[in-house]
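Below is protein11.csv, which holds CSV, C-alpha atoms.
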chain,number,residue,atom,x,y,z
A,1,MET,CA,-17.7,33.5,-63.7
A,2,SER,CA,-14.0,33.1,-63.0
A,3,ALA,CA,-14.5,34.9,-59.7
A,4,THR,CA,-17.1,32.4,-58.7
A,5,ARG,CA,-14.8,29.6,-59.6
A,6,LEU,CA,-12.0,31.1,-57.5
A,7,ILE,CA,-14.3,31.5,-54.5
A,8,LEU,CA,-15.4,27.9,-54.9
A,9,SER,CA,-11.9,26.5,-55.1
A,10,VAL,CA,-10.8,28.5,-52.1
A,11,ALA,CA,-13.8,27.2,-50.2
A,12,LEU,CA,-13.0,23.7,-51.2
A,13,ALA,CA,-9.4,24.0,-50.2
A,14,LEU,CA,-10.4,25.4,-46.8
A,15,GLY,CA,-12.9,22.6,-46.4
A,16,LEU,CA,-10.3,19.9,-47.1
A,17,GLY,CA,-7.8,21.6,-44.7
A,18,ALA,CA,-10.5,21.6,-42.0
A,19,SER,CA,-11.3,17.9,-42.5
A,20,ALA,CA,-7.6,17.0,-42.4
A,21,VAL,CA,-7.3,18.7,-39.0
A,22,ALA,CA,-10.4,17.0,-37.8
A,23,ALA,CA,-9.0,13.6,-38.9
A,24,ALA,CA,-5.8,14.3,-37.0
A,25,ASP,CA,-7.8,15.1,-33.9
A,26,ARG,CA,-10.2,12.2,-34.2
A,27,PRO,CA,-9.8,9.7,-31.4
A,28,ASP,CA,-8.2,6.5,-32.5
A,29,PRO,CA,-8.0,4.0,-29.6
A,30,VAL,CA,-6.4,1.3,-31.7
A,31,ALA,CA,-3.5,3.6,-32.8
A,32,ASP,CA,-3.2,4.9,-29.2
A,33,ALA,CA,-2.9,1.4,-27.8
A,34,LYS,CA,-0.2,0.5,-30.3
A,35,ALA,CA,1.8,3.7,-29.6
A,36,PHE,CA,1.4,3.1,-25.9
A,37,GLN,CA,2.6,-0.5,-26.0
A,38,ASP,CA,5.4,0.3,-28.5
A,39,TYR,CA,6.7,3.0,-26.2
A,40,PHE,CA,7.2,0.6,-23.2
A,41,VAL,CA,8.5,-2.2,-25.4
A,42,LYS,CA,11.1,0.1,-26.9
A,43,LYS,CA,12.0,1.6,-23.5
A,44,PHE,CA,12.5,-1.8,-21.9
A,45,PRO,CA,13.7,-4.1,-24.7
A,46,LYS,CA,14.8,-6.8,-22.3
A,47,VAL,CA,11.4,-7.1,-20.6
A,48,ALA,CA,9.2,-9.8,-22.1
A,49,PHE,CA,5.8,-8.4,-23.2
A,50,ASP,CA,3.8,-10.4,-20.7
A,51,ASP,CA,6.1,-9.5,-17.9
A,52,PHE,CA,4.9,-5.9,-17.9
A,53,VAL,CA,2.0,-7.1,-15.7
A,54,ASN,CA,4.5,-7.8,-12.9
A,55,GLY,CA,5.2,-4.1,-12.5
A,56,PRO,CA,8.5,-3.2,-10.7
A,57,TYR,CA,9.6,-6.9,-10.7
A,58,SER,CA,10.0,-6.8,-14.4
A,59,MET,CA,12.4,-3.8,-14.0
A,60,ASN,CA,14.6,-4.8,-11.1
A,61,ALA,CA,16.4,-8.2,-10.7
A,62,ASP,CA,16.8,-7.9,-6.9
A,63,MET,CA,13.2,-7.1,-6.3
A,64,ARG,CA,12.2,-9.9,-8.6
A,65,ARG,CA,14.1,-12.5,-6.5
A,66,GLN,CA,12.5,-11.2,-3.3
A,67,TRP,CA,9.1,-11.4,-5.0
A,68,GLU,CA,9.6,-15.0,-6.3
A,69,GLU,CA,10.4,-16.1,-2.7
A,70,LYS,CA,7.5,-14.2,-1.4
A,71,GLU,CA,5.2,-15.9,-3.8
A,72,GLN,CA,5.8,-19.2,-2.0
A,73,PHE,CA,3.5,-17.9,0.7
A,74,PRO,CA,1.8,-15.0,-1.0
A,75,PRO,CA,0.6,-12.2,1.3
A,76,TYR,CA,-2.7,-11.9,-0.6
A,77,GLU,CA,-3.6,-15.5,0.2
A,78,PHE,CA,-5.8,-14.7,3.2
A,79,ALA,CA,-7.8,-12.2,1.1
A,80,LEU,CA,-8.1,-14.7,-1.7
A,81,GLU,CA,-9.5,-17.4,0.6
A,82,ALA,CA,-11.9,-14.9,2.2
A,83,GLY,CA,-13.0,-13.7,-1.3
A,84,LYS,CA,-13.7,-17.3,-2.4
A,85,GLU,CA,-15.9,-17.8,0.7
A,86,MET,CA,-17.7,-14.5,0.3
A,87,PHE,CA,-18.3,-15.1,-3.4
A,88,ALA,CA,-20.0,-18.5,-2.7
A,89,LYS,CA,-22.0,-17.4,0.4
A,90,PRO,CA,-25.6,-16.7,-0.6
A,91,PHE,CA,-27.1,-13.2,0.2
A,92,LYS,CA,-30.1,-13.1,2.5
A,93,ASN,CA,-32.4,-13.6,-0.5
A,94,GLY,CA,-30.6,-16.8,-1.4
A,95,LYS,CA,-28.9,-15.5,-4.5
A,96,THR,CA,-25.1,-15.2,-4.9
A,97,TYR,CA,-22.7,-13.0,-6.8
A,98,ALA,CA,-22.6,-15.7,-9.5
A,99,ASP,CA,-26.2,-14.7,-10.4
A,100,CYS,CA,-25.1,-11.1,-11.3
A,101,PHE,CA,-22.3,-12.0,-13.7
A,102,PRO,CA,-21.7,-13.8,-17.0
A,103,ASN,CA,-20.2,-17.3,-16.6
A,104,GLY,CA,-21.1,-17.1,-12.9
A,105,GLY,CA,-18.4,-14.5,-12.4
A,106,ILE,CA,-15.6,-17.0,-13.1
A,107,GLY,CA,-12.8,-16.1,-15.5
A,108,ILE,CA,-14.3,-12.8,-16.5
A,109,ARG,CA,-11.9,-10.2,-15.0
A,110,GLN,CA,-10.3,-9.5,-18.4
A,111,ASN,CA,-13.5,-8.0,-19.7
A,112,TYR,CA,-13.7,-5.2,-17.1
A,113,PRO,CA,-14.3,-2.4,-17.2
A,114,TYR,CA,-16.9,-2.4,-20.0
A,115,PHE,CA,-19.1,0.4,-21.5
A,116,ASP,CA,-22.8,0.0,-20.7
A,117,ASP,CA,-24.8,1.4,-23.5
A,118,LYS,CA,-28.0,1.6,-21.5
A,119,GLU,CA,-26.4,3.7,-18.8
A,120,GLY,CA,-24.0,5.4,-21.2
A,121,LYS,CA,-21.2,5.0,-18.7
A,122,VAL,CA,-18.2,2.8,-17.9
A,123,ILE,CA,-18.9,-0.1,-15.5
A,124,THR,CA,-15.9,-1.4,-13.5
A,125,LEU,CA,-15.7,-4.7,-11.7
A,126,GLU,CA,-15.8,-3.0,-8.3
A,127,LEU,CA,-18.9,-1.0,-9.3
A,128,ALA,CA,-20.6,-4.1,-10.7
A,129,LEU,CA,-19.9,-6.0,-7.4
A,130,ASN,CA,-21.5,-3.3,-5.3
A,131,ARG,CA,-24.5,-3.0,-7.7
A,132,CYS,CA,-24.9,-6.7,-7.4
A,133,ARG,CA,-25.0,-6.4,-3.6
A,134,GLU,CA,-27.5,-3.6,-3.7
A,135,ALA,CA,-29.8,-5.3,-6.2
A,136,ASN,CA,-29.9,-8.2,-3.8
A,137,GLY,CA,-30.7,-6.1,-0.7
A,138,GLU,CA,-27.2,-6.0,0.7
A,139,ALA,CA,-25.3,-2.8,1.8
A,140,PRO,CA,-22.5,-1.9,-0.6
A,141,TYR,CA,-18.9,-2.3,0.5
A,142,SER,CA,-16.3,0.4,0.8
A,143,TYR,CA,-14.4,0.6,-2.5
A,144,VAL,CA,-11.1,1.0,-0.7
A,145,LYS,CA,-11.3,-1.6,2.0
A,146,ASP,CA,-10.7,-5.3,2.5
A,147,GLU,CA,-14.0,-6.9,1.5
A,148,MET,CA,-14.0,-5.4,-2.0
A,149,ALA,CA,-10.3,-6.3,-2.4
A,150,SER,CA,-11.0,-9.9,-1.3
A,151,LEU,CA,-13.9,-10.3,-3.8
A,152,THR,CA,-11.9,-8.8,-6.7
A,153,ALA,CA,-8.9,-10.9,-5.7
A,154,TYR,CA,-10.9,-14.0,-6.1
A,155,MET,CA,-12.4,-12.9,-9.4
A,156,ALA,CA,-8.9,-12.0,-10.7
A,157,PHE,CA,-7.5,-15.3,-9.6
A,158,THR,CA,-10.1,-17.3,-11.5
A,159,SER,CA,-9.1,-15.2,-14.6
A,160,ARG,CA,-5.3,-15.5,-14.3
A,161,GLY,CA,-3.6,-15.8,-17.7
A,162,LYS,CA,-6.6,-14.5,-19.6
A,163,ARG,CA,-5.7,-11.6,-21.7
A,164,PHE,CA,-7.3,-8.1,-21.2
A,165,ASP,CA,-10.0,-7.7,-23.8
A,166,ILE,CA,-11.6,-4.3,-23.2
A,167,LYS,CA,-14.0,-3.2,-25.9
A,168,ILE,CA,-14.9,0.2,-27.1
A,169,PRO,CA,-18.3,-0.2,-28.8
A,170,ASP,CA,-19.3,1.9,-31.8
A,171,ASP,CA,-20.9,4.5,-29.6
A,172,PRO,CA,-19.8,8.2,-29.4
A,173,ARG,CA,-20.3,8.1,-25.6
A,174,ALA,CA,-17.9,5.2,-25.2
A,175,LEU,CA,-15.3,7.0,-27.3
A,176,GLU,CA,-15.9,10.1,-25.2
A,177,ALA,CA,-15.4,8.1,-21.9
A,178,TYR,CA,-12.2,6.7,-23.3
A,179,GLU,CA,-10.9,10.1,-24.3
A,180,LYS,CA,-11.8,11.6,-20.9
A,181,GLY,CA,-9.9,8.7,-19.3
A,182,LYS,CA,-6.9,9.5,-21.4
A,183,GLU,CA,-7.1,13.2,-20.5
A,184,TYR,CA,-7.3,12.3,-16.8
A,185,PHE,CA,-4.2,10.1,-17.2
A,186,TYR,CA,-2.1,12.8,-18.7
A,187,THR,CA,-3.4,15.8,-16.7
A,188,ARG,CA,-1.1,17.2,-14.1
A,189,ARG,CA,-2.7,17.7,-10.7
A,190,GLY,CA,-1.9,18.4,-7.1
A,191,GLN,CA,0.7,20.8,-5.6
A,192,LEU,CA,3.5,18.5,-6.9
A,193,ASN,CA,2.2,19.0,-10.5
A,194,PHE,CA,2.2,15.3,-11.3
A,195,SER,CA,0.1,13.4,-13.8
A,196,CYS,CA,-0.3,9.6,-13.7
A,197,ALA,CA,2.1,9.7,-16.7
A,198,SER,CA,4.8,11.6,-14.8
A,199,CYS,CA,5.5,8.5,-12.8
A,200,HIS,CA,4.2,5.6,-14.8
A,201,VAL,CA,5.2,6.7,-18.3
A,202,GLN,CA,8.1,9.0,-17.9
A,203,SER,CA,9.8,7.2,-14.9
A,204,PRO,CA,9.0,3.5,-14.6
A,205,GLY,CA,11.9,1.6,-13.3
A,206,GLU,CA,13.2,4.7,-11.5
A,207,ARG,CA,13.1,5.1,-7.8
A,208,ILE,CA,10.8,7.5,-6.0
A,209,ARG,CA,12.2,7.4,-2.5
A,210,ALA,CA,12.4,3.6,-1.7
A,211,GLU,CA,9.9,2.5,-4.3
A,212,ILE,CA,10.5,1.4,-7.9
A,213,LEU,CA,7.8,2.9,-10.1
A,214,ALA,CA,5.7,0.4,-12.1
A,215,PRO,CA,5.1,0.9,-15.9
A,216,ALA,CA,1.6,2.1,-16.8
A,217,LEU,CA,1.4,-0.8,-19.3
A,218,GLY,CA,-0.2,-3.7,-17.5
A,219,ILE,CA,-0.5,-1.9,-14.2
A,220,LEU,CA,-4.1,-2.8,-13.7
A,221,ASN,CA,-3.7,-6.4,-14.7
A,222,ALA,CA,-2.2,-7.2,-11.3
A,223,MET,CA,-5.0,-5.6,-9.3
A,224,PRO,CA,-6.0,-5.9,-6.5
A,225,ILE,CA,-2.7,-6.0,-4.7
A,226,TYR,CA,-1.3,-6.7,-1.3
A,227,ARG,CA,1.0,-3.7,-0.4
A,228,SER,CA,3.5,-4.1,2.3
A,229,GLU,CA,3.4,-0.3,2.7
A,230,TRP,CA,-0.3,-0.5,3.5
A,231,SER,CA,0.0,-3.8,5.5
A,232,GLY,CA,-3.1,-4.9,3.6
A,233,MET,CA,-4.9,-5.3,0.3
A,234,GLY,CA,-5.8,-2.5,-2.0
A,235,THR,CA,-8.4,-2.2,-4.8
A,236,ILE,CA,-8.0,-0.2,-8.0
A,237,SER,CA,-10.0,2.5,-6.3
A,238,ARG,CA,-7.6,2.6,-3.4
A,239,ARG,CA,-4.6,2.8,-5.7
A,240,ILE,CA,-5.9,5.7,-7.6
A,241,VAL,CA,-7.1,7.6,-4.5
A,242,THR,CA,-3.7,7.1,-2.9
A,243,CYS,CA,-1.9,8.2,-6.1
A,244,ASN,CA,-3.9,11.4,-6.0
A,245,SER,CA,-3.2,12.3,-2.4
A,246,GLN,CA,0.5,11.5,-2.8
A,247,THR,CA,0.7,14.3,-5.4
A,248,ARG,CA,-1.2,16.5,-2.9
A,249,ALA,CA,-4.4,16.5,-4.9
A,250,VAL,CA,-7.7,16.0,-3.1
A,251,PRO,CA,-8.9,12.6,-4.4
A,252,LEU,CA,-12.3,12.3,-6.0
A,253,GLU,CA,-14.9,10.0,-4.7
A,254,PRO,CA,-14.1,6.3,-5.6
A,255,GLN,CA,-16.0,5.2,-8.7
A,256,SER,CA,-16.5,8.8,-9.8
A,257,ASP,CA,-16.9,9.2,-13.5
A,258,GLU,CA,-13.3,10.4,-13.8
A,259,TYR,CA,-11.9,7.3,-12.2
A,260,ARG,CA,-14.2,5.0,-14.1
A,261,ASN,CA,-13.1,6.6,-17.4
A,262,LEU,CA,-9.4,6.4,-16.3
A,263,GLU,CA,-9.7,2.7,-15.6
A,264,TYR,CA,-11.4,2.3,-19.0
A,265,TYR,CA,-8.5,4.0,-20.9
A,266,LEU,CA,-5.7,2.4,-18.9
A,267,SER,CA,-7.2,-1.1,-19.3
A,268,TYR,CA,-7.9,-0.6,-23.0
A,269,VAL,CA,-4.2,0.3,-23.7
A,270,SER,CA,-3.2,-2.8,-21.8
A,271,ASN,CA,-5.3,-5.1,-24.0
A,272,GLY,CA,-3.5,-8.3,-24.9
A,273,LEU,CA,-1.7,-8.6,-21.6
A,274,PRO,CA,-2.7,-11.4,-19.2
A,275,VAL,CA,-4.5,-11.0,-15.9
A,276,SER,CA,-1.9,-11.6,-13.1
A,277,GLY,CA,-3.9,-10.4,-10.1
A,278,PRO,CA,-4.1,-10.6,-7.2
A,279,GLY,CA,-0.6,-9.2,-6.9
A,280,ALA,CA,1.9,-8.3,-4.2
A,281,ARG,CA,3.9,-5.1,-4.1
A,282,PRO,CA,6.3,-3.6,-1.6
B,1,MET,CA,13.5,84.6,7.1
B,2,LYS,CA,13.6,82.2,10.0
B,3,ALA,CA,10.0,82.9,10.9
B,4,ALA,CA,9.0,82.3,7.2
B,5,MET,CA,10.6,78.8,7.3
B,6,THR,CA,8.6,77.6,10.3
B,7,PRO,CA,5.3,76.8,8.7
B,8,HIS,CA,7.1,74.9,5.9
B,9,VAL,CA,9.1,72.8,8.4
B,10,MET,CA,5.9,72.2,10.4
B,11,LYS,CA,4.2,71.0,7.3
B,12,LYS,CA,7.0,68.5,6.7
B,13,ILE,CA,6.8,67.3,10.2
B,14,VAL,CA,3.0,66.8,10.0
B,15,PHE,CA,3.5,64.9,6.7
B,16,ALA,CA,6.1,62.7,8.2
B,17,LEU,CA,3.9,62.0,11.2
B,18,MET,CA,1.1,61.1,8.9
B,19,VAL,CA,3.3,58.6,7.0
B,20,VAL,CA,4.4,57.0,10.3
B,21,ALA,CA,0.7,56.8,11.4
B,22,VAL,CA,-0.3,55.1,8.1
B,23,GLY,CA,2.7,52.7,8.5
B,24,ALA,CA,1.7,51.9,12.1
B,25,GLY,CA,-1.9,51.3,10.9
B,26,SER,CA,-0.8,48.6,8.4
B,27,ALA,CA,1.3,46.9,11.1
B,28,ARG,CA,-1.5,46.7,13.6
B,29,ALA,CA,-2.7,43.4,14.8
B,30,ALA,CA,-5.2,41.7,12.5
B,31,SER,CA,-8.8,41.7,13.6
B,32,GLU,CA,-11.5,39.0,13.3
B,33,ALA,CA,-13.0,41.0,10.5
B,34,ASP,CA,-9.7,40.8,8.6
B,35,TYR,CA,-9.6,37.0,9.1
B,36,LEU,CA,-13.2,36.6,7.9
B,37,THR,CA,-12.4,38.6,4.8
B,38,ALA,CA,-9.3,36.5,4.1
B,39,VAL,CA,-10.9,33.2,4.8
B,40,ALA,CA,-13.9,34.0,2.6
B,41,ALA,CA,-11.6,34.8,-0.3
B,42,ALA,CA,-9.7,31.6,0.2
B,43,GLU,CA,-12.9,29.5,0.5
B,44,SER,CA,-14.3,31.1,-2.6
B,45,ALA,CA,-11.2,30.2,-4.6
B,46,ASN,CA,-11.1,26.7,-3.3
B,47,LYS,CA,-14.7,26.2,-4.2
B,48,GLU,CA,-13.9,27.2,-7.8
B,49,ALA,CA,-11.0,24.7,-7.7
B,50,GLY,CA,-13.6,22.1,-6.5
B,51,ARG,CA,-15.8,23.0,-9.5
B,52,LEU,CA,-12.8,22.2,-11.7
B,53,ARG,CA,-12.3,18.9,-9.8
B,54,ASN,CA,-8.8,20.0,-8.9
B,55,GLN,CA,-8.5,20.9,-5.2
B,56,TRP,CA,-5.2,20.5,-3.4
B,57,THR,CA,-4.8,18.9,0.0
B,58,VAL,CA,-2.4,21.7,1.1
B,59,THR,CA,-5.2,24.3,0.5
B,60,GLN,CA,-7.4,22.4,2.9
B,61,ALA,CA,-4.6,22.1,5.4
B,62,ALA,CA,-3.9,25.9,5.3
B,63,LEU,CA,-7.7,26.6,5.7
B,64,THR,CA,-7.8,24.2,8.7
B,65,ALA,CA,-4.7,26.0,10.2
B,66,ALA,CA,-6.4,29.4,9.6
B,67,LYS,CA,-9.5,28.3,11.5
B,68,LYS,CA,-7.5,26.8,14.3
B,69,ALA,CA,-5.5,30.0,14.8
B,70,ALA,CA,-8.7,32.1,14.6
B,71,ASP,CA,-10.4,29.9,17.2
B,72,ALA,CA,-7.4,30.5,19.5
B,73,GLY,CA,-7.8,34.3,18.9
B,74,ASN,CA,-4.5,34.5,16.9
B,75,PHE,CA,-5.8,36.6,14.0
B,76,ASP,CA,-2.4,37.5,12.7
B,77,GLN,CA,-1.6,33.9,12.1
B,78,ALA,CA,-5.2,33.1,10.9
B,79,VAL,CA,-5.0,35.8,8.2
B,80,LYS,CA,-1.6,34.6,7.1
B,81,ALA,CA,-2.8,31.0,6.8
B,82,ALA,CA,-6.0,32.1,5.0
B,83,GLN,CA,-4.0,34.1,2.5
B,84,GLU,CA,-1.7,31.1,1.9
B,85,ALA,CA,-4.8,29.0,1.3
B,86,GLU,CA,-6.1,31.5,-1.2
B,87,ALA,CA,-2.8,31.6,-3.0
B,88,LEU,CA,-2.7,27.8,-3.2
B,89,ALA,CA,-6.3,27.6,-4.4
B,90,LYS,CA,-5.6,30.1,-7.1
B,91,ALA,CA,-2.6,28.1,-8.2
B,92,SER,CA,-4.7,25.0,-8.4
B,93,ILE,CA,-7.2,26.9,-10.6
B,94,VAL,CA,-4.3,28.0,-12.9
B,95,GLN,CA,-3.1,24.4,-13.1
B,96,ALA,CA,-6.6,23.0,-14.0
B,97,THR,CA,-7.2,25.7,-16.6
B,98,SER,CA,-3.8,25.4,-18.3
B,99,GLU,CA,-3.9,21.6,-18.2
B,100,LYS,CA,-7.1,21.6,-20.3
B,101,GLN,CA,-4.8,21.9,-23.3
B,102,ARG,CA,-1.3,21.1,-21.9
B,103,TRP,CA,-2.1,17.4,-21.1
B,104,LYS,CA,-1.8,16.7,-24.8
B,105,ASP,CA,1.9,17.5,-24.8
B,106,MET,CA,2.5,14.5,-22.5
B,107,GLU,CA,0.5,12.0,-24.6
B,108,ILE,CA,2.4,9.0,-26.1
B,109,ARG,CA,1.7,9.2,-29.9
Written as structure tokens, how would this file's structure read?
Amino acid sequence: MSATRLILSVALALGLGASAVAAADRPDPVADAKAFQDYFVKKFPKVAFDDFVNGPYSMNADMRRQWEEKEQFPPYEFALEAGKEMFAKPFKNGKTYADCFPNGGIGIRQNYPYFDDKEGKVITLELALNRCREANGEAPYSYVKDEMASLTAYMAFTSRGKRFDIKIPDDPRALEAYEKGKEYFYTRRGQLNFSCASCHVQSPGERIRAEILAPALGILNAMPIYRSEWSGMGTISRRIVTCNSQTRAVPLEPQSDEYRNLEYYLSYVSNGLPVSGPGARP
Amino acid sequence: MKAAMTPHVMKKIVFALMVVAVGAGSARAASEADYLTAVAAAESANKEAGRLRNQWTVTQAALTAAKKAADAGNFDQAVKAAQEAEALAKASIVQATSEKQRWKDMEIR
């Protein structure tokens, strides 16, 4: 009898231990986002929270002055104007982008990406725009070129100041997408053995050659961006693809599941920060 | 005595010549077959890296260099570049495999 009791108590202890381990490993996006934001706030005590969306300009006074002057005639202005026209121009079937989006596509940037429970996957704004085109009989745009950047520039502009509000619904697939995005963010890749975090968590504010690295917190809030280095506009897809190749990793195809999940994670941990896009970077 | 030494010395000379011959064999110019073997090994490793979604740009560059050298008939150079591509591809596999757990060390908690 006492032997049975002993076995039972050992089994119970083991069970409790296992559940404690499971609890420690259970994904907790709310705790993640808090730890993520606290890390940057602590690392840069002089940077106002909302200013993290301004990337390197929040970290370097000289660059900030140059940027403020540049904003008098912002380099993304042409893309913004083009995007506004493209957005309003009807497709061949007479419909417009406004028909594909809530609130006619105005002031909604802060809600992207979102998790689509029907598809069981993350939907980014760039993906939603191309799906809108295809649903209306138009050819999709390149994810890394000017038209997509112009459209997202306009949609970001109409959402400026609205705070990122990315939701993770009560769906294990959404949590899995978030977790996979996190894994991608921290995974080292390429011959240089860099993860996204190597630059944008460990070294923001530091120089990498002539560039000042932006903090990961709020990095997507400024997208799309005009980059002087590119002499043109860049979408989120273009930014991620370029980051990959700079570490000598072969980039994945734009809007692959990995990139969509990464955008989901990175946007979620920047919840509460305002949309500042379109942006301009050196 | 002297006559008895001769076969022994002869054996030594033959052995030395064999060593030289083997050495010369390994230093011979690479053939197209050597290149094809080396490039197949490199491509196989790079394919595995692709399955792990972790190919490196430098692997592709080394493979391209190997093919270019082979097309020009320079199989020594082609084999060398293919072997480099294989080594790079294998390193990318090691990276992808070890990062399956190691990424957690970098996470902000």
Using only C-alpha atoms, find the one residue out of B:Asn54, B:Ala30, B:Ala61, B:Val39 that sits nearest to chain A. B:Asn54
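Look at B:Leu63: the protein and nucleic acid residues within 7 Å of it, using all atoms listed in the file and passing over chain neighbours fewer than 6 places away, are Ala81, Ala82 and Ala85 of chain B.
In this model, the gap between atom CA of B:Lys90 and atom CA of B:Arg53 comes to 13.3 Å.
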For the contact check between chain A and chain B, emit one row per residue of chain A within 7 Å, containing the shortest atom pair and the distance in Å rounded to one decimal, counting all atoms listed in the file, chain then rising number order, as JSON lines.
{"residue": "A:Asp32", "atom": "CA", "partner": "B:Arg109", "partner_atom": "CA", "distance": 6.6}
{"residue": "A:Ala35", "atom": "CA", "partner": "B:Arg109", "partner_atom": "CA", "distance": 5.5}
{"residue": "A:Phe36", "atom": "CA", "partner": "B:Ile108", "partner_atom": "CA", "distance": 6.0}
{"residue": "A:Glu183", "atom": "CA", "partner": "B:Trp103", "partner_atom": "CA", "distance": 6.6}
{"residue": "A:Tyr186", "atom": "CA", "partner": "B:Trp103", "partner_atom": "CA", "distance": 5.2}
{"residue": "A:Thr187", "atom": "CA", "partner": "B:Trp103", "partner_atom": "CA", "distance": 4.9}
{"residue": "A:Arg188", "atom": "CA", "partner": "B:Glu99", "partner_atom": "CA", "distance": 6.6}
{"residue": "A:Arg189", "atom": "CA", "partner": "B:Asn54", "partner_atom": "CA", "distance": 6.8}
{"residue": "A:Gly190", "atom": "CA", "partner": "B:Trp56", "partner_atom": "CA", "distance": 5.4}
{"residue": "A:Gln191", "atom": "CA", "partner": "B:Trp56", "partner_atom": "CA", "distance": 6.3}
{"residue": "A:Arg248", "atom": "CA", "partner": "B:Thr57", "partner_atom": "CA", "distance": 5.2}
{"residue": "A:Ala249", "atom": "CA", "partner": "B:Trp56", "partner_atom": "CA", "distance": 4.3}
{"residue": "A:Val250", "atom": "CA", "partner": "B:Thr57", "partner_atom": "CA", "distance": 5.1}
Give me a file of those residues, with C-alpha atoms, as a PDB file, in the coordinates of the input.
ATOM      1  CA  ASP A  32      -3.200   4.900 -29.200  1.00  0.00           C
ATOM      2  CA  ALA A  35       1.800   3.700 -29.600  1.00  0.00           C
ATOM      3  CA  PHE A  36       1.400   3.100 -25.900  1.00  0.00           C
ATOM      4  CA  GLU A 183      -7.100  13.200 -20.500  1.00  0.00           C
ATOM      5  CA  TYR A 186      -2.100  12.800 -18.700  1.00  0.00           C
ATOM      6  CA  THR A 187      -3.400  15.800 -16.700  1.00  0.00           C
ATOM      7  CA  ARG A 188      -1.100  17.200 -14.100  1.00  0.00           C
ATOM      8  CA  ARG A 189      -2.700  17.700 -10.700  1.00  0.00           C
ATOM      9  CA  GLY A 190      -1.900  18.400  -7.100  1.00  0.00           C
ATOM     10  CA  GLN A 191       0.700  20.800  -5.600  1.00  0.00           C
ATOM     11  CA  ARG A 248      -1.200  16.500  -2.900  1.00  0.00           C
ATOM     12  CA  ALA A 249      -4.400  16.500  -4.900  1.00  0.00           C
ATOM     13  CA  VAL A 250      -7.700  16.000  -3.100  1.00  0.00           C
TER      14      VAL A 250
END
Within 10 Å of A:Pro75, counting only C-alpha atoms, which residues show up once you throw out same-chain ones fewer than 6 positions away? Write them as a PyMOL selection string, please. chain A and resi 225-228+231-233+278-281
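When all atoms listed in the file are used to measure the gap to A:Ile108, the shortest distance among A:Arg163, A:Lys89, A:Lys95, A:Arg133 belongs to A:Arg163.
Here atom CA of A:Arg207 and atom CA of A:Phe194 stand 15.3 Å from one another.
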Protein, DNA and RNA residues within 12 Å of (7.8, -7.2, -1.1), only C-alpha atoms, as JSON, numbers by chain: {"A": [56, 57, 62, 63, 64, 65, 66, 67, 68, 69, 70, 71, 73, 74, 75, 76, 210, 211, 212, 225, 226, 227, 228, 229, 230, 231, 279, 280, 281, 282]}
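For the pair atom CA of A:Gly137 and atom CA of A:Gly277, the separation is 28.7 Å.
Considering the residues A:Ala82, A:Leu125, A:Ala153, A:Ala33 and counting all atoms listed in the file, A:Gly272 has its shortest atom-to-atom contact with A:Ala33.
Distances here use only C-alpha atoms; by that measure, the residue among A:Phe101, A:Phe164, A:Phe91, A:Phe44 closest to A:Val269 is A:Phe164.
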Compile the contact shell of A:Val41 as a list in words: residues with an atom at most 10 Å away, counting all atoms listed in the file, same-chain residues fewer than 6 positions apart removed. Ala35, Val47, Ala48, Phe49, Phe52 and Leu217 of chain A
How would the residues just chosen look if you wrote them out with C-alpha atoms as a PDB file, keeping the file's coordinate frame?
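So selection-v8.pdb came out as:
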ATOM      1  CA  ALA A  35       1.800   3.700 -29.600  1.00  0.00           C
ATOM      2  CA  VAL A  47      11.400  -7.100 -20.600  1.00  0.00           C
ATOM      3  CA  ALA A  48       9.200  -9.800 -22.100  1.00  0.00           C
ATOM      4  CA  PHE A  49       5.800  -8.400 -23.200  1.00  0.00           C
ATOM      5  CA  PHE A  52       4.900  -5.900 -17.900  1.00  0.00           C
ATOM      6  CA  LEU A 217       1.400  -0.800 -19.300  1.00  0.00           C
TER       7      LEU A 217
END
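Closest approach to B:Tyr35 among B:Phe75, B:Ala49, B:Ile93, B:Glu86: B:Phe75, based on all atoms listed in the file.
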Could you pull the residues within 8 Å of stretch 127-131 of chain A, counting only C-alpha atoms, minus those fewer than 5 positions along the same chain, as a ChimeraX atom specification? /A:97,140-141,255
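With distances taken over all atoms listed in the file, A:Asn93 is the one residue among A:Asn103, A:Thr247, A:Ser150, A:Asn93 lying closest to A:Asn136.
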Got a sec: who's within 12 Å of A:Asp165, counting only C-alpha atoms, leaving out chain neighbours fewer than 6 positions off, as an mmCIF file with C-alpha atoms, in the frame of the given file?
data_model
loop_
_atom_site.group_PDB
_atom_site.id
_atom_site.type_symbol
_atom_site.label_atom_id
_atom_site.label_comp_id
_atom_site.auth_asym_id
_atom_site.auth_seq_id
_atom_site.Cartn_x
_atom_site.Cartn_y
_atom_site.Cartn_z
ATOM 1 C CA ILE A 108 -14.300 -12.800 -16.500
ATOM 2 C CA ARG A 109 -11.900 -10.200 -15.000
ATOM 3 C CA GLN A 110 -10.300 -9.500 -18.400
ATOM 4 C CA ASN A 111 -13.500 -8.000 -19.700
ATOM 5 C CA TYR A 112 -13.700 -5.200 -17.100
ATOM 6 C CA PRO A 113 -14.300 -2.400 -17.200
ATOM 7 C CA TYR A 114 -16.900 -2.400 -20.000
ATOM 8 C CA SER A 159 -9.100 -15.200 -14.600
ATOM 9 C CA ASN A 221 -3.700 -6.400 -14.700
ATOM 10 C CA TYR A 264 -11.400 2.300 -19.000
ATOM 11 C CA SER A 267 -7.200 -1.100 -19.300
ATOM 12 C CA TYR A 268 -7.900 -0.600 -23.000
ATOM 13 C CA VAL A 269 -4.200 0.300 -23.700
ATOM 14 C CA SER A 270 -3.200 -2.800 -21.800
ATOM 15 C CA ASN A 271 -5.300 -5.100 -24.000
ATOM 16 C CA GLY A 272 -3.500 -8.300 -24.900
ATOM 17 C CA LEU A 273 -1.700 -8.600 -21.600
ATOM 18 C CA PRO A 274 -2.700 -11.400 -19.200
ATOM 19 C CA VAL A 275 -4.500 -11.000 -15.900
#
